[in-house]
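> Encoded as C-alpha cells, here's the structure I'll be asking about.
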Amino acid sequence: MAANSVSHCFSLSIIMLFLYLQLIHCNVTYDRKAIAIDGQKRILFAGSIHYPRSTPEMWEGLIQKAKNGGLDVIDTYVFWNLHEPSPGNYNFEGRYDLVKFIKLVKKAGLYVHLRIGPYICGEWNFGGFPVWLKYVPGISFRTDNEPFKKAMAKFTQKIVQMMKDENLFESQGGPIILSQIENEYEPESKLYGPAGKAYVKWAAKMAVGLNTGVPWVMCKEYDAPDPVINTCNGFYCDYFSPNKPYKPTLWTEAWTGWFSDFGGPNYQRPVEDLAFAVARFIQKGGSFVNYYMYHGGTNFGRTAGGPFITTSYDYDAPIDEYGLIRQPKYDHLKELHKAVKLCEKALLNSDPNIVILGSYEKAHVFSSESGGCAAFLSNYNLRSNAKVTFNNMHYNLPRWSISILPDCQNVVFNTAKVGPKASRVQMVPTNVKIELWETFNEDVHSVDDESSMTVKGLLEQLNITRDTSDYLWYTTSVRINSSESFLRKGTPLTLSIQTAGHGIHVFINGQLSGSAFGTQQKRKFSFTKNINLHPGENKISILSIAVGLPNIGPHFETWNIGVQGSVVLHGLDEGKKDLTWQKWSYKVGLKGEADNLGSPNSIPSIVWTRGSLETLKHPLTWYKAFFNAPGGDDPLALDMSGMGKGQVWINGESIGRYWTVSVNGNCTGCSYVGAFRQTKCHFGCGGPTQQWYHVPRSWLKPTRNSLVVFEEIGGDASKISIVKRLTTTDK
C-alpha cells in the first residue's frame with residue numbers, strides 16, 4: 001500500500017508539473033485575423049514607452065498608467081548605442097536596465113513588443129547605431145555587407161540571449177509576445193537594389209533562427225519574408241494589408257503626434273482624429289495597434305538625433321513628457337479601447353460586410369453565430385454631420401467620425417464626441433533660489449596652442465570627434481600686409497564659410513564675429529560677414545557644432561558635418577584669398593568638457609570666478625550654482641528662456657541640449673477634421689520651440705544640488721529658474 005501511495009503521489013506530481021509548465025510556457029502564433037497567445041486570439045492595444053527616455057523611478061508609474069488606459073502591451077526599442085558604447089563593452093545599468101524595465105511590465109500583467117532593430121530611427125542619435133560602427137573596416141550600413149551583418153547579428157543575439165536567460169519570452173512564461181528586426185526599410189530599399197533585398201532576407205532568417213518562440217515583425221517592409229509579419233507605421237493605416245493572406249494586420253506605429261526640432265513648431269494631434277484613425281483600422285480588420293508614442297519622454301544628454309531634434313520628446317502623447325496624464329487624449333482613447341474590446345468576439349470571428357449608408361457614410365458589420373454582431377458606422381464627410389438609417393434605426397454621425405455599436409444597435413462610443421475635459425498645463429514658479437553663481441570662460445586665444453593636430457585642408461567633424469563632443473575647433477592664421485588698401489580706407493573684409501552643418505561660431509582674434517546655423521530641413525548653410533583684420537598675423541577660429549547625428553536616410557553614416565565647403569576671404573588687393581587648403585589646427589571639444597565641469601565630483605584644472613552675472617554675458621561661458629530641492633512631488637523643469645544655446649547638467653546628470661531659438665510655424669488653429677499631417681495643428685509660435693527642460697526628481701538631493709550650464713552665445717543666467725508642472729482639468 002505504501003509503495004502504491006508513493007507511486008500515486010509521484011504520478012500526481014508529474015501531472016501537476018506538466019499542467020504548470022503548460023500554463024507558463026505559452027505559445028504565440030498568428031493567423032490572418034490576429035495574434036494568438038496560448039491559442040486565444042486577441043485584439044491588442046499597445047503603447048511605446050522608451051526606457052532611457054525616462055528614469056527607473058518613473059517606469060512603474062508609467063506602465064501602470066498605460067495599463068489603466070486600456071493597454072495590453074508595452075512597446076520599446078532597444079538602443080544599441082547606449083548598450084554597447086564601445087565594441088564588446090556593455091552597459092545595462094540605471095536608465096539602460098532593459099531587463100528591469102521588462103520585468104516591471106510583466107509585474108503589471110502586460111505584454112511586451114521588443115523592437116530590437118537594431119536600427120531604430122526614433123529621432124535618436126545615429127538611429128541607435130553606435131558611432132564606432134561607422135569605423136569598422138569595409139562597413140556599409142543596412143545592406144548585404146558582411147561587416148555590418150556580423151555586428152548586427154552579434155548584438156541581436158546578445159539581446160535575445162539576455163531575454164532567454166531571464167525567461168522573458170512568452171514561450172518561457174515571460175511577457176515578450178513580439179520582436180522586431182530592422183525598422184522602416186521599405187522607403188529606402190529601392191536605393192539599395194538587389195543588395196537590399198538580400199539583406200532583408202538575411203535579417204529575417206537570422207532573427208527567426210534565434211528560436212525565441214514568438215513571432216518577428218518588420219515594420220514598413222512589404223516583402224518581409226515568411227514567417228516574419230510585415231506591419232504598418234503612419235498617421236493612418238486603414239489602407240494597409242499584409243503581404244500574405246494568412247498574416248494578421250498590425251499597426252506598429254500609430255503616431256499620436258509628432259516630434260519637434262529646434263526652430264520648428266510643436267504639434268498637437270487632436271484625439272478625435274487619432275481615435276477615428278484607430279477605428280478605421282479596426283473596422284478594416286486590424287487587430288493590433290501600437291501608439292507611438294504613449295509616453296514620449298526626454299532625450300537626455302546628447303541622445304537626440306535628427307539633427308536638431310529637441311531635448312523634449314513629448315510627442316503630444318497620452319502621457320506627457322513629465323509622466324502626467326494628458327486629457328482628453330488619455331481618457332478618450334481609454335473609452336475607445338473599452339468599446340473595441342466589447343466587439344472583440346465579433347471582430348475576430350467574422351469579416352466585415354460593408355453596407356453603403358450614404359455618399360460618405362458606410363457601415364462595417366461583423367456578424368457570426370459564435371461572435372454575435374458588432375457594427376462601425378462611419379462618416380467621412382469633412383463638412384457635414386449625417387443622419388443615417390441602419391437596421392431600421394436612426395443614427396446621428398458627426399463629420400469625420402465613427403460610431404461603435406458592439407451589439408449592432410446601441411452606440412457606446414463615437415470618435416468625435418469627446419467626454420473628458422482638456423488638461424490645463426501650468427509651469428508654476430517655485431520658491432527655490434539658485435545661488436552662489438560662479439563662471440568660467442573658454443579661452444579662445446589658447447585653442448591653437450591646445451590643438452591635437454594640424455593638417456592642410458578642412459577635415460570632416462565626426463571623423464575627428466567620434467561624437468565624444470558636439471564641438472570641434474578649426475583654426476588657421478592669415479597674415480595681412482600693412483600696405484593693403486582696405487586698411488587705409490577703413491573698410492572691412494568679408495569672410496565666407498560653407499559648411500555641412502550644423503552650426504558655427506566664428507572668432508576673429510579671440511572675439512566672436514558671428515554665428516550661423518542650419519535647420520533640420522537644410523543642414524548645409526553658409527556664413528558671410530564683414531570682419532576686421534589688423535596688419536600682421538590674424539587668427540581665425542571656427543567652433544563647429546553638431547546638434548545630434550542623423551537618424552534616417554540612405555547610408556546616413558556617410559553624411560558629413562563640420563566645415564566642409566570653402567573658406568574664402570574677400571576684399572584684399574589680390575581679390576580673394578582661399579583659406580580652404582591652408583594649414584588648419586583641430587581641437588576636439590571644450591576646456592570645460594575636458595575638465596568634466598558638469599560633474600560635481602570633478603577636480604578641474606580651471607578656476608571658477610564669482611561675480612555679478614550682469615557683467616558676465618560672454619559667449620562660451622560655463623556657469624555653476626547650487627539650489628535646494630523644492631518640496632512636494634510635482635514634476636520639475638528648468639526655465640531656460642533667458643539663455644541662448646548650450647547644455648545643462650544637474651548633479652552631474654546631463655539634462656540635455658537647450659536652445660531658445662524661436663518657432664517658425666503656422667499656428668493658425670487646429671481642426672480635428674481632415675487628414676492630419678505635420679503641416680497642421682502647430683503651436684508655440686512667438687516663443688522658443690522648447691523653454692522648459694525636464695528635471696527628474698530622482699536626480700535631486702534635499703539640499704545643495706549643483707547646476708552647471710554651458711552657454712555658447714551669451715545669456716542671462718540669473719533668469720534661470722526651477723518651475724513645477726501642474727495639470728488641472730476644467731470642470
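Chain labels follow the order of the C-alpha cells: the first chain is A, the next B, and so on; residue numbering restarts at 1 in every chain, and ligands are counted from 1 in their shown order.
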Which residues are close to A:Arg704, i.e. within 12 Å by only C-alpha atoms, leaving aside same-chain residues fewer than 6 positions away? Reply as a list in words.
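The contact residues come out as Val432, Lys433, Ile434, Glu435, Leu436, Pro600, Lys624, Ala625, Phe626, Phe627, Asn628, Ala629, Pro630, Ile650 and Asn651 of chain A.
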> Produce a table with one row for each residue of stretch 629-690 of chain A that has an atom at most 9 Å from any atom of stretch 576-599 of chain A, each row naming the nearest atom pair and its distance in Å at one decimal; use only C-alpha atoms; arrange rows by chain and rising residue number; format as CSV.

```
residue,atom,partner,partner_atom,distance
A:Val648,CA,A:Gly598,CA,7.7
A:Trp649,CA,A:Gly598,CA,5.6
A:Ile650,CA,A:Gly598,CA,7.7
A:Asn651,CA,A:Ser599,CA,6.4
A:Gly652,CA,A:Ser599,CA,4.0
A:Glu653,CA,A:Ser599,CA,7.6
A:Ser654,CA,A:Gly598,CA,7.7
```
> From the options A:Gly358, A:Gly611, A:Pro307, A:Gly518, which residue's atoms come nearest to A:Glu438, counting only C-alpha atoms?
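Residue with the minimum atom-to-atom distance to A:Glu438: A:Gly611.
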> Which residue, A:Phe517, A:Tyr222, A:Phe556, A:Phe527, has the smallest gap to A:Ser140 when you use only C-alpha atoms?
A:Phe556
> I'd like the neighbourhood of A:Val99 as an mmCIF file with N, CA, C and O atoms, in the first residue's frame, where a residue qualifies if any of its atoms comes within 12 Å (using only C-alpha atoms), though same-chain residues fewer than 2 positions away should be ignored.

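Contents of selection.cif, freshly written:
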```cif
data_model
loop_
_atom_site.group_PDB
_atom_site.id
_atom_site.type_symbol
_atom_site.label_atom_id
_atom_site.label_comp_id
_atom_site.auth_asym_id
_atom_site.auth_seq_id
_atom_site.Cartn_x
_atom_site.Cartn_y
_atom_site.Cartn_z
ATOM 1 N N TYR A 51 12.452 53.119 -22.387
ATOM 2 C CA TYR A 51 13.022 53.136 -21.037
ATOM 3 C C TYR A 51 14.101 54.200 -20.829
ATOM 4 O O TYR A 51 14.136 54.815 -19.749
ATOM 5 N N PRO A 56 14.339 55.094 -14.081
ATOM 6 C CA PRO A 56 13.799 53.880 -13.453
ATOM 7 C C PRO A 56 12.738 54.176 -12.397
ATOM 8 O O PRO A 56 11.810 53.378 -12.224
ATOM 9 N N THR A 76 8.821 48.867 -26.871
ATOM 10 C CA THR A 76 10.037 49.677 -26.744
ATOM 11 C C THR A 76 11.074 49.251 -27.762
ATOM 12 O O THR A 76 11.167 48.076 -28.135
ATOM 13 N N VAL A 78 15.179 48.856 -28.595
ATOM 14 C CA VAL A 78 16.408 48.554 -27.864
ATOM 15 C C VAL A 78 17.490 49.463 -28.450
ATOM 16 O O VAL A 78 17.643 49.553 -29.675
ATOM 17 N N ASN A 91 26.578 48.069 -21.361
ATOM 18 C CA ASN A 91 26.033 48.843 -20.245
ATOM 19 C C ASN A 91 24.525 48.613 -20.180
ATOM 20 O O ASN A 91 23.792 48.988 -21.103
ATOM 21 N N PHE A 92 24.088 47.968 -19.099
ATOM 22 C CA PHE A 92 22.658 47.757 -18.871
ATOM 23 C C PHE A 92 22.284 48.231 -17.469
ATOM 24 O O PHE A 92 21.457 47.618 -16.794
ATOM 25 N N GLU A 93 22.876 49.339 -17.049
ATOM 26 C CA GLU A 93 22.651 49.872 -15.711
ATOM 27 C C GLU A 93 21.743 51.100 -15.757
ATOM 28 O O GLU A 93 21.641 51.778 -16.774
ATOM 29 N N GLY A 94 21.111 51.408 -14.617
ATOM 30 C CA GLY A 94 20.339 52.648 -14.489
ATOM 31 C C GLY A 94 19.238 52.765 -15.521
ATOM 32 O O GLY A 94 18.395 51.871 -15.669
ATOM 33 N N ARG A 95 19.209 53.876 -16.264
ATOM 34 C CA ARG A 95 18.193 54.086 -17.296
ATOM 35 C C ARG A 95 18.294 53.065 -18.420
ATOM 36 O O ARG A 95 17.376 52.937 -19.230
ATOM 37 N N TYR A 96 19.405 52.352 -18.485
ATOM 38 C CA TYR A 96 19.626 51.391 -19.564
ATOM 39 C C TYR A 96 19.282 49.962 -19.146
ATOM 40 O O TYR A 96 19.575 49.015 -19.886
ATOM 41 N N ASP A 97 18.649 49.779 -17.990
ATOM 42 C CA ASP A 97 18.376 48.440 -17.455
ATOM 43 C C ASP A 97 17.134 47.864 -18.131
ATOM 44 O O ASP A 97 16.014 47.901 -17.598
ATOM 45 N N PHE A 101 13.184 46.893 -16.753
ATOM 46 C CA PHE A 101 12.012 47.513 -17.365
ATOM 47 C C PHE A 101 11.001 46.455 -17.797
ATOM 48 O O PHE A 101 9.801 46.555 -17.519
ATOM 49 N N ILE A 102 11.478 45.422 -18.466
ATOM 50 C CA ILE A 102 10.577 44.372 -18.956
ATOM 51 C C ILE A 102 9.946 43.610 -17.795
ATOM 52 O O ILE A 102 8.761 43.255 -17.834
ATOM 53 N N LYS A 103 10.708 43.390 -16.734
ATOM 54 C CA LYS A 103 10.149 42.701 -15.570
ATOM 55 C C LYS A 103 9.063 43.538 -14.892
ATOM 56 O O LYS A 103 8.090 42.992 -14.353
ATOM 57 N N LEU A 104 9.204 44.854 -14.927
ATOM 58 C CA LEU A 104 8.153 45.718 -14.383
ATOM 59 C C LEU A 104 6.888 45.644 -15.233
ATOM 60 O O LEU A 104 5.770 45.695 -14.709
ATOM 61 N N VAL A 105 7.063 45.498 -16.548
ATOM 62 C CA VAL A 105 5.897 45.319 -17.420
ATOM 63 C C VAL A 105 5.190 44.012 -17.073
ATOM 64 O O VAL A 105 3.957 43.948 -16.971
ATOM 65 N N LYS A 106 5.982 42.959 -16.891
ATOM 66 C CA LYS A 106 5.396 41.668 -16.514
ATOM 67 C C LYS A 106 4.671 41.764 -15.171
ATOM 68 O O LYS A 106 3.562 41.232 -15.005
ATOM 69 N N VAL A 112 4.896 42.579 -23.822
ATOM 70 C CA VAL A 112 5.946 43.434 -24.380
ATOM 71 C C VAL A 112 6.131 43.138 -25.860
ATOM 72 O O VAL A 112 6.139 41.972 -26.270
ATOM 73 N N LEU A 114 9.168 43.822 -28.191
ATOM 74 C CA LEU A 114 10.572 44.225 -28.103
ATOM 75 C C LEU A 114 11.118 44.480 -29.501
ATOM 76 O O LEU A 114 11.328 43.549 -30.281
ATOM 77 N N ILE A 159 21.084 40.462 -27.211
ATOM 78 C CA ILE A 159 19.820 40.864 -26.581
ATOM 79 C C ILE A 159 18.893 39.664 -26.427
ATOM 80 O O ILE A 159 18.285 39.464 -25.359
ATOM 81 N N VAL A 160 18.763 38.859 -27.462
ATOM 82 C CA VAL A 160 17.882 37.691 -27.387
ATOM 83 C C VAL A 160 18.338 36.746 -26.278
ATOM 84 O O VAL A 160 17.518 36.231 -25.500
ATOM 85 N N GLN A 161 19.654 36.534 -26.164
ATOM 86 C CA GLN A 161 20.149 35.627 -25.124
ATOM 87 C C GLN A 161 19.894 36.188 -23.729
ATOM 88 O O GLN A 161 19.568 35.444 -22.803
ATOM 89 N N MET A 162 20.042 37.511 -23.575
ATOM 90 C CA MET A 162 19.708 38.141 -22.291
ATOM 91 C C MET A 162 18.261 37.868 -21.911
ATOM 92 O O MET A 162 17.950 37.547 -20.766
ATOM 93 N N MET A 163 17.371 38.011 -22.884
ATOM 94 C CA MET A 163 15.954 37.778 -22.620
ATOM 95 C C MET A 163 15.706 36.310 -22.269
ATOM 96 O O MET A 163 14.937 35.994 -21.359
ATOM 97 N N LYS A 164 16.357 35.415 -22.987
ATOM 98 C CA LYS A 164 16.190 33.986 -22.700
ATOM 99 C C LYS A 164 16.720 33.635 -21.313
ATOM 100 O O LYS A 164 16.097 32.858 -20.573
ATOM 101 N N ASP A 165 17.861 34.205 -20.967
ATOM 102 C CA ASP A 165 18.461 33.908 -19.657
ATOM 103 C C ASP A 165 17.545 34.320 -18.511
ATOM 104 O O ASP A 165 17.604 33.740 -17.422
ATOM 105 N N GLU A 166 16.722 35.345 -18.746
ATOM 106 C CA GLU A 166 15.796 35.826 -17.714
ATOM 107 C C GLU A 166 14.379 35.287 -17.915
ATOM 108 O O GLU A 166 13.454 35.736 -17.235
ATOM 109 N N ASN A 167 14.216 34.338 -18.879
ATOM 110 C CA ASN A 167 12.901 33.739 -19.157
ATOM 111 C C ASN A 167 11.845 34.801 -19.466
ATOM 112 O O ASN A 167 10.735 34.785 -18.928
ATOM 113 N N LEU A 168 12.186 35.706 -20.375
ATOM 114 C CA LEU A 168 11.306 36.842 -20.639
ATOM 115 C C LEU A 168 10.464 36.703 -21.905
ATOM 116 O O LEU A 168 9.565 37.516 -22.136
ATOM 117 N N PHE A 169 10.742 35.708 -22.742
ATOM 118 C CA PHE A 169 9.862 35.477 -23.882
ATOM 119 C C PHE A 169 8.606 34.746 -23.412
ATOM 120 O O PHE A 169 8.640 33.943 -22.477
ATOM 121 N N GLY A 174 7.390 34.417 -20.011
ATOM 122 C CA GLY A 174 7.650 35.843 -19.872
ATOM 123 C C GLY A 174 6.641 36.693 -20.617
ATOM 124 O O GLY A 174 5.689 36.176 -21.216
ATOM 125 N N PRO A 175 6.840 38.021 -20.652
ATOM 126 C CA PRO A 175 5.847 38.916 -21.256
ATOM 127 C C PRO A 175 6.073 39.238 -22.739
ATOM 128 O O PRO A 175 5.209 39.843 -23.362
ATOM 129 N N ILE A 176 7.229 38.891 -23.319
ATOM 130 C CA ILE A 176 7.524 39.313 -24.699
ATOM 131 C C ILE A 176 6.739 38.446 -25.673
ATOM 132 O O ILE A 176 6.973 37.228 -25.766
#
```
> Within 7 Å of A:Ala346, counting only C-alpha atoms, which residues show up once you throw out same-chain ones fewer than 6 positions away? Write them as a list in words, please.
Phe366, Ser367, Ser368, Gly371, Gly372, Cys373 and Ala374 of chain A
> Keeping only N, CA, C and O atoms, write the selected residues to a file as a PDB file, in the first residue's frame.

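Saved result, result-v2.pdb, follows:
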```pdb
ATOM      1  N   PHE A 366     -19.852  43.219 -38.522  1.00  0.00           N
ATOM      2  CA  PHE A 366     -19.220  41.941 -38.201  1.00  0.00           C
ATOM      3  C   PHE A 366     -20.262  41.072 -37.516  1.00  0.00           C
ATOM      4  O   PHE A 366     -20.781  41.432 -36.446  1.00  0.00           O
ATOM      5  N   SER A 367     -20.549  39.931 -38.115  1.00  0.00           N
ATOM      6  CA  SER A 367     -21.611  39.096 -37.568  1.00  0.00           C
ATOM      7  C   SER A 367     -21.265  37.631 -37.750  1.00  0.00           C
ATOM      8  O   SER A 367     -20.840  37.213 -38.835  1.00  0.00           O
ATOM      9  N   SER A 368     -21.420  36.853 -36.670  1.00  0.00           N
ATOM     10  CA  SER A 368     -21.208  35.409 -36.737  1.00  0.00           C
ATOM     11  C   SER A 368     -22.013  34.750 -35.637  1.00  0.00           C
ATOM     12  O   SER A 368     -22.408  35.389 -34.654  1.00  0.00           O
ATOM     13  N   GLY A 371     -19.776  34.860 -32.504  1.00  0.00           N
ATOM     14  CA  GLY A 371     -19.275  36.139 -32.021  1.00  0.00           C
ATOM     15  C   GLY A 371     -20.305  37.236 -31.893  1.00  0.00           C
ATOM     16  O   GLY A 371     -19.979  38.360 -31.510  1.00  0.00           O
ATOM     17  N   GLY A 372     -21.548  36.931 -32.231  1.00  0.00           N
ATOM     18  CA  GLY A 372     -22.565  37.964 -32.145  1.00  0.00           C
ATOM     19  C   GLY A 372     -22.426  38.966 -33.269  1.00  0.00           C
ATOM     20  O   GLY A 372     -21.926  38.656 -34.352  1.00  0.00           O
ATOM     21  N   CYS A 373     -22.849  40.205 -32.997  1.00  0.00           N
ATOM     22  CA  CYS A 373     -22.863  41.234 -34.032  1.00  0.00           C
ATOM     23  C   CYS A 373     -22.254  42.526 -33.502  1.00  0.00           C
ATOM     24  O   CYS A 373     -22.494  42.919 -32.354  1.00  0.00           O
ATOM     25  N   ALA A 374     -21.407  43.168 -34.321  1.00  0.00           N
ATOM     26  CA  ALA A 374     -20.852  44.482 -33.999  1.00  0.00           C
ATOM     27  C   ALA A 374     -20.815  45.304 -35.275  1.00  0.00           C
ATOM     28  O   ALA A 374     -20.612  44.757 -36.371  1.00  0.00           O
TER      29      ALA A 374
END
```
> Quick one: residues within 10 Å of A:Ile309, only C-alpha atoms counted, chain neighbours fewer than 5 positions away excluded, as a PyMOL selection string?
chain A and resi 123-125+259-264+299+303-304+519-520+547-550+657
> Quick check for you: according to DSSP on this backbone, which residues of stretch 90-255 of chain A are classed as helix (DSSP H, G or I)? Reply as an MDAnalysis selection string.
chainID A and resid 94:96 98:107 125:128 131:135 146:165 170:172 186:208
> Using only C-alpha atoms, can you tell me which of A:Gly70, A:Ala416, A:Trp258, A:Thr728 comes closest to A:Gln327?
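Checking each candidate against A:Gln327, we get A:Thr728 as the closest.
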> Could you state the separation of atom CA of A:Ser241 and atom CA of A:Val217 in Å, given to one decimal place?
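Atom CA of A:Val217 lies at a distance of 14.0 Å from atom CA of A:Ser241.
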> Excluding same-chain residues fewer than 5 positions from A:Lys205, what lies within 12 Å of it counting only C-alpha atoms, as a list of chain:residue names?
A:Lys149, A:Ala153, A:Ile181, A:Ala198, A:Tyr199, A:Val200, A:Leu210, A:Asn211, A:Trp216, A:Val217, A:Ala224, A:Pro225, A:Asp226, A:Pro227, A:Val228
> For the selection you just gave me, I'd like the residues written to a file as a compact mmCIF listing (two decimals), in the first residue's frame, keeping all heavy atoms.

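Final output, saved to again.txt:
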```
# COMPACT_ATOMS: atom_id res chain seq x y z
N LYS A 149 26.54 42.98 -41.19
CA LYS A 149 25.70 41.85 -40.78
C LYS A 149 26.31 41.13 -39.58
O LYS A 149 25.58 40.69 -38.68
CB LYS A 149 25.50 40.89 -41.95
CG LYS A 149 24.66 41.46 -43.08
CD LYS A 149 24.25 40.41 -44.10
CE LYS A 149 25.42 39.80 -44.81
NZ LYS A 149 25.00 38.84 -45.86
N ALA A 153 24.19 40.95 -36.20
CA ALA A 153 23.83 39.63 -35.68
C ALA A 153 24.35 39.44 -34.26
O ALA A 153 23.65 38.90 -33.39
CB ALA A 153 24.36 38.54 -36.60
N ILE A 181 12.72 42.98 -36.06
CA ILE A 181 14.06 43.07 -36.66
C ILE A 181 13.99 44.11 -37.77
O ILE A 181 12.98 44.22 -38.47
CB ILE A 181 14.53 41.69 -37.20
CG1 ILE A 181 16.03 41.71 -37.47
CG2 ILE A 181 13.73 41.25 -38.42
CD1 ILE A 181 16.88 41.71 -36.20
N ALA A 198 18.59 41.20 -50.58
CA ALA A 198 19.34 40.10 -49.96
C ALA A 198 19.50 40.34 -48.46
O ALA A 198 19.43 39.40 -47.66
CB ALA A 198 20.71 39.96 -50.63
N TYR A 199 19.70 41.59 -48.08
CA TYR A 199 19.85 41.94 -46.67
C TYR A 199 18.57 41.66 -45.89
O TYR A 199 18.61 41.12 -44.78
CB TYR A 199 20.26 43.41 -46.55
CG TYR A 199 20.08 44.01 -45.18
CD1 TYR A 199 20.85 43.59 -44.11
CD2 TYR A 199 19.14 45.01 -44.95
CE1 TYR A 199 20.69 44.15 -42.84
CE2 TYR A 199 18.97 45.58 -43.70
CZ TYR A 199 19.75 45.14 -42.64
OH TYR A 199 19.58 45.68 -41.40
N VAL A 200 17.42 42.03 -46.45
CA VAL A 200 16.15 41.78 -45.78
C VAL A 200 15.94 40.29 -45.56
O VAL A 200 15.53 39.85 -44.47
CB VAL A 200 14.98 42.38 -46.59
CG1 VAL A 200 13.63 41.88 -46.08
CG2 VAL A 200 15.03 43.90 -46.53
N LEU A 210 16.91 32.47 -34.25
CA LEU A 210 17.25 32.61 -32.83
C LEU A 210 16.25 31.88 -31.92
O LEU A 210 16.46 31.82 -30.71
CB LEU A 210 17.31 34.10 -32.46
CG LEU A 210 18.43 34.89 -33.17
CD1 LEU A 210 18.33 36.37 -32.84
CD2 LEU A 210 19.80 34.36 -32.79
N ASN A 211 15.17 31.37 -32.53
CA ASN A 211 14.24 30.47 -31.83
C ASN A 211 13.72 31.08 -30.52
O ASN A 211 13.88 30.52 -29.44
CB ASN A 211 14.91 29.12 -31.55
CG ASN A 211 15.31 28.41 -32.83
OD1 ASN A 211 14.53 28.34 -33.77
ND2 ASN A 211 16.54 27.90 -32.86
N TRP A 216 8.24 37.33 -35.24
CA TRP A 216 9.03 38.51 -35.56
C TRP A 216 8.25 39.37 -36.55
O TRP A 216 7.49 38.85 -37.37
CB TRP A 216 10.36 38.12 -36.20
CG TRP A 216 11.34 37.54 -35.24
CD1 TRP A 216 11.43 36.23 -34.86
CD2 TRP A 216 12.38 38.23 -34.54
NE1 TRP A 216 12.46 36.06 -33.96
CE2 TRP A 216 13.07 37.28 -33.75
CE3 TRP A 216 12.81 39.55 -34.50
CZ2 TRP A 216 14.15 37.60 -32.93
CZ3 TRP A 216 13.89 39.89 -33.70
CH2 TRP A 216 14.54 38.93 -32.92
N VAL A 217 8.44 40.68 -36.46
CA VAL A 217 7.81 41.59 -37.41
C VAL A 217 8.89 42.47 -38.05
O VAL A 217 9.98 42.64 -37.52
CB VAL A 217 6.75 42.50 -36.74
CG1 VAL A 217 5.70 41.67 -36.03
CG2 VAL A 217 7.39 43.50 -35.79
N ALA A 224 8.66 41.48 -46.45
CA ALA A 224 9.17 40.73 -45.31
C ALA A 224 8.97 39.23 -45.55
O ALA A 224 7.84 38.78 -45.79
CB ALA A 224 8.45 41.15 -44.03
N PRO A 225 10.05 38.44 -45.51
CA PRO A 225 9.92 37.01 -45.83
C PRO A 225 9.17 36.25 -44.74
O PRO A 225 9.25 36.58 -43.56
CB PRO A 225 11.38 36.54 -45.92
CG PRO A 225 12.22 37.79 -45.94
CD PRO A 225 11.43 38.84 -45.24
N ASP A 226 8.45 35.21 -45.14
CA ASP A 226 7.78 34.34 -44.17
C ASP A 226 8.82 33.70 -43.25
O ASP A 226 9.95 33.42 -43.68
CB ASP A 226 7.03 33.22 -44.90
CG ASP A 226 5.74 33.72 -45.53
OD1 ASP A 226 5.43 34.92 -45.38
OD2 ASP A 226 5.06 32.93 -46.21
N PRO A 227 8.48 33.52 -41.97
CA PRO A 227 7.19 33.79 -41.32
C PRO A 227 7.10 35.18 -40.70
O PRO A 227 6.20 35.45 -39.91
CB PRO A 227 7.15 32.71 -40.24
CG PRO A 227 8.58 32.58 -39.81
CD PRO A 227 9.39 32.77 -41.07
N VAL A 228 8.04 36.07 -41.04
CA VAL A 228 8.03 37.42 -40.47
C VAL A 228 6.81 38.18 -40.98
O VAL A 228 6.46 38.11 -42.16
CB VAL A 228 9.33 38.16 -40.84
CG1 VAL A 228 9.30 39.60 -40.34
CG2 VAL A 228 10.54 37.43 -40.26
```
> Excluding A:Thr491 and residues on its chain fewer than 4 positions from it, collect all residues at most 9 Å away from it, counting only C-alpha atoms, and give them as JSON, numbers by chain.
{"A": [485, 486, 487, 532, 571]}
> How would the residues just chosen look if you wrote them out with N, CA and C atoms as a CSV table (one decimal), in the first residue's frame?

```
chain,number,residue,atom,x,y,z
A,485,SER,N,45.1,98.1,-49.1
A,485,SER,CA,44.3,99.3,-49.3
A,485,SER,C,43.1,99.4,-48.3
A,486,PHE,N,42.5,98.2,-48.0
A,486,PHE,CA,41.4,98.2,-47.1
A,486,PHE,C,41.7,98.8,-45.7
A,487,LEU,N,43.0,98.7,-45.3
A,487,LEU,CA,43.5,99.3,-44.1
A,487,LEU,C,43.4,100.8,-44.1
A,532,ASN,N,37.0,92.5,-39.3
A,532,ASN,CA,38.1,93.4,-39.2
A,532,ASN,C,39.4,92.7,-38.9
A,571,GLY,N,38.0,91.0,-50.5
A,571,GLY,CA,38.3,92.4,-50.2
A,571,GLY,C,39.8,92.7,-50.2
```
> Would you compute the distance between atom CA of A:Ile49 and atom CA of A:Ile74? Give it in Å to one decimal.
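Taking atom CA of A:Ile49 as the start and atom CA of A:Ile74 as the end point, the length is 6.6 Å.
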> Just give me the gap between atom CA of A:Gly642 and atom CA of A:Ser54 in Å, one decimal is fine.
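Atom-to-atom, atom CA of A:Gly642 and atom CA of A:Ser54 are spaced 25.8 Å apart.
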> Quick one: of A:Ser698, A:Ser350, A:Thr528, A:Thr156, who's nearest to A:Ser513, counting only C-alpha atoms?
A:Thr528
> Return the single residue from A:Ser179, A:Gln268, A:Thr621, A:Ser312 that is closest to A:Glu442, with distances computed using only C-alpha atoms.
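Among the listed residues, the smallest separation from A:Glu442 belongs to A:Thr621.
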> Enumerate, as a ChimeraX atom specification, the complete set of residues in stretch 87-310 of chain A that a backbone-based DSSP assignment places in strand (DSSP E).
/A:111-117,176-181,216-219,229-234,250-255,266-267,288-295
> With only C-alpha atoms as the atoms that count, which of A:Ala422, A:Val365, A:Leu405, A:Ala375 lies nearest to A:His332?
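Under the stated criterion, the closest residue is A:Ala422.
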